[in-house]
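Asks: Supplied in structure tokens, the structure appears directly below.
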Protein chains: 2
Amino acid sequence: MPKIRVKAESWEDSVRVAGFRMTQPRREIMKVLESTEGHLTAEDIYLQVHEIYPNIGLTTVYRNLEFLNEHGIVAKICFQHGKAKYELAEQYSPVGHHHHLVCDECTKIINYNDFMQEEVEFLETVERGLSRRYKFRITHHEIQFNGLCQDCQDKEDQS
Amino acid sequence: MPKIRVKAESWEDSVRVAGFRMTQPRREIMKVLESTEGHLTAEDIYLQVHEIYPNIGLTTVYRNLEFLNEHGIVAKICFQHGKAKYELAEQYSPVGHHHHLVCDECTKIINYNDFMQEEVEFLETVERGLSRRYKFRITHHEIQFNGLCQDCQDKEDQS
DNA sequence: ATGGTAATGACAATCATTACCAATAAGGAG
DNA sequence: CTCCTTATTGGTAATGATTGTCATTACCAT
């Protein structure tokens, strides 16, 4: 008897299943997200798409990012430096589950996915507890470490 | 031989020690932050201060929040709903160390400080590892759980 | 009490994001 | 393949939060 295999739905399928259309702008935006480490601003994406699809409008980029976010395909993250950043949701990302190191000086962001075993254990306890205590249905989480990246530490030493 | 006791510096002291002045707007802004659960927007604070100090300008509120943030007295948090929120930094907060449950539906935010023992253990391992691996000097962290609060779950069930 | 300057308040300016609307193009039905 | 419905687009205007400017005020060290 074969193991049940949940076929991972492609993002295109899940858009269509939900009754929406596949358009070229939408595809181009996803291509950019798929070919990058992550945490791009809407403008970053706009500029990259614009290279190969010059007709794209910035409004369309925003609209699609919101759309994709609502459909669980793209994650929107807000670090405290003005603009929102976007990256592929875990399920569609080659990077997979990860979190961020944020440099408070230069605002650089580093992805990490070390210590996931420890994280899983920790989160299981906490999520279960929080759900019960606050009657909250937790769907995802975000962990972020702030501080100084190596470059900024060096600059600080010099002065 | 007495134990060394690190006297907690009042926020006013730490402002003065850094060579800056104590002003009435600054004090009023802190009063508001001290008398609230947390996560207020600049405008929330402006409105509250305005009640008892009608001359306050919104610009002054922004400027002071940034100032206080840079001096480690106030924490600035950005959830993905437009405006930045502010609360007392852990060290000056009666609430103490805590994290947030964010409802993705109604944007409500709940503070929690349960499971801190588990968190401490987890963070010790991870912070040590990340510092070494990425040469990052970690100063603080943020953990956030997103999902649906009870009210929004109920509303969902009805439909 | 006073002088140097940090801080203020009003207003203008900026910057990210959203609203609007007429024009376009997916993609299902025939 | 063609037609039709309507989701989607792109351009522009509008919004809303935050920041810059600058003349004026008021801390506070001396």
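Each chain of the structure tokens is named A, B, ... in the order shown, its residues numbered from 1; ligands are numbered from 1 in display order.
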For chain D, report every residue with an atom at most 12 Å from chain B (counting only C-alpha atoms (C1' of nucleotides)), formatted as a list in words.
Replies: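 Selected residues: DG16, DA17, DT18, DT19, DG20, DT25, DA26, DC27, DC28 and DA29 of chain D.
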Asks: Using only C-alpha atoms, tabulate the residues of chain A lying at most 6 Å from any atom of chain B, each with its closest atom pair and that distance in Å to one decimal, by chain and increasing residue number, as a tab-separated table.
Replies:
residue	atom	partner	partner_atom	distance
A:Cys78	CA	B:Gln80	CA	5.6
A:Gln80	CA	B:Cys78	CA	5.5
A:Lys135	CA	B:Gln150	CA	5.5
A:Phe136	CA	B:Cys149	CA	4.8
A:Arg137	CA	B:Leu148	CA	5.1
A:Ile138	CA	B:Gly147	CA	4.3
A:Thr139	CA	B:Gly147	CA	4.7
A:His140	CA	B:Asn146	CA	5.3
A:His141	CA	B:Phe145	CA	4.3
A:Glu142	CA	B:Gln144	CA	5.1
A:Ile143	CA	B:Ile143	CA	4.5
A:Gln144	CA	B:Glu142	CA	5.1
A:Phe145	CA	B:His141	CA	4.3
A:Asn146	CA	B:His140	CA	5.3
A:Gly147	CA	B:Ile138	CA	4.3
A:Leu148	CA	B:Arg137	CA	5.1
A:Cys149	CA	B:Phe136	CA	4.8
A:Gln150	CA	B:Lys135	CA	5.5
Asks: What's the separation between atom CA of Thr107 of chain B and atom CA of Ile52 of chain B, in Å to one decimal place?
Replies: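 Value for the atom CA of Thr107 of chain B-atom CA of Ile52 of chain B distance: 28.9 Å.
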Asks: Determine which residues of chain C sit within 12 Å of chain A, taking into account only C-alpha atoms (C1' of nucleotides), and present them as a ChimeraX atom specification.
Replies: /C:15-20,24-28
Asks: Here is a test: counting only C-alpha atoms, which residue of B:Val17, B:Leu88, B:Cys106, B:Val32 is nearest to Gln48 of chain B?
Replies: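 Among the listed residues, the smallest separation from Gln48 of chain B belongs to B:Val32.
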Asks: Pull the strand (DSSP E or B) assignments for segment 63-117 of chain A out of DSSP run on the backbone, and list those residues as a list in words.
Replies: Val74, Ala75, Lys76, Ile77, Lys85, Tyr86, Glu87, Leu88, His99, His100, Leu101, Val102, Cys103, Ile109, Ile110, Asn111 and Tyr112 of chain A
Asks: Which polymer residues have any atom within 12 Å of an atom of DA10 of chain C, counting only C-alpha atoms (C1' of nucleotides), with same-chain residues fewer than 5 positions away left out, as an NGL selection string?
Replies: (:B and (55-60)) or (:D and (21-24))
Asks: Based on the selection just made, write N, CA and C atoms (P, O5', C5', C4', C3', O3' and C1' of nucleotides) of those residues as a compact mmCIF listing (two decimals), in the first residue's frame.
Replies:
# COMPACT_ATOMS: atom_id res chain seq x y z
N ASN B 55 -0.24 72.24 23.77
CA ASN B 55 0.71 72.85 22.84
C ASN B 55 1.57 71.84 22.08
N ILE B 56 1.55 70.61 22.52
CA ILE B 56 2.41 69.58 21.92
C ILE B 56 2.20 69.52 20.40
N GLY B 57 3.27 69.33 19.67
CA GLY B 57 3.18 69.14 18.23
C GLY B 57 3.43 67.69 17.87
N LEU B 58 2.77 67.23 16.81
CA LEU B 58 2.95 65.83 16.40
C LEU B 58 4.42 65.56 16.06
N THR B 59 5.04 66.51 15.42
CA THR B 59 6.46 66.37 15.10
C THR B 59 7.28 66.08 16.34
N THR B 60 6.99 66.77 17.40
CA THR B 60 7.73 66.58 18.64
C THR B 60 7.56 65.16 19.16
P DT D 21 16.57 69.64 5.57
O5' DT D 21 15.65 70.86 6.01
C5' DT D 21 14.50 71.16 5.24
C4' DT D 21 13.98 72.54 5.62
C3' DT D 21 15.01 73.47 6.26
O3' DT D 21 14.72 74.80 5.85
C1' DT D 21 13.22 73.14 7.76
P DC D 22 15.89 75.95 5.94
O5' DC D 22 15.21 77.03 6.90
C5' DC D 22 13.79 77.15 6.95
C4' DC D 22 13.41 77.89 8.22
C3' DC D 22 14.58 78.60 8.93
O3' DC D 22 14.11 79.80 9.52
C1' DC D 22 13.58 77.10 10.41
P DA D 23 15.10 81.10 9.69
O5' DA D 23 14.15 82.17 10.40
C5' DA D 23 12.74 82.11 10.19
C4' DA D 23 12.04 81.95 11.54
C3' DA D 23 12.58 82.88 12.62
O3' DA D 23 11.46 83.42 13.33
C1' DA D 23 12.62 80.66 13.40
P DT D 24 11.70 84.33 14.67
O5' DT D 24 11.36 83.34 15.86
C5' DT D 24 10.05 82.78 15.96
C4' DT D 24 9.96 81.94 17.21
C3' DT D 24 10.32 82.67 18.51
O3' DT D 24 9.25 82.45 19.44
C1' DT D 24 11.51 80.63 18.36
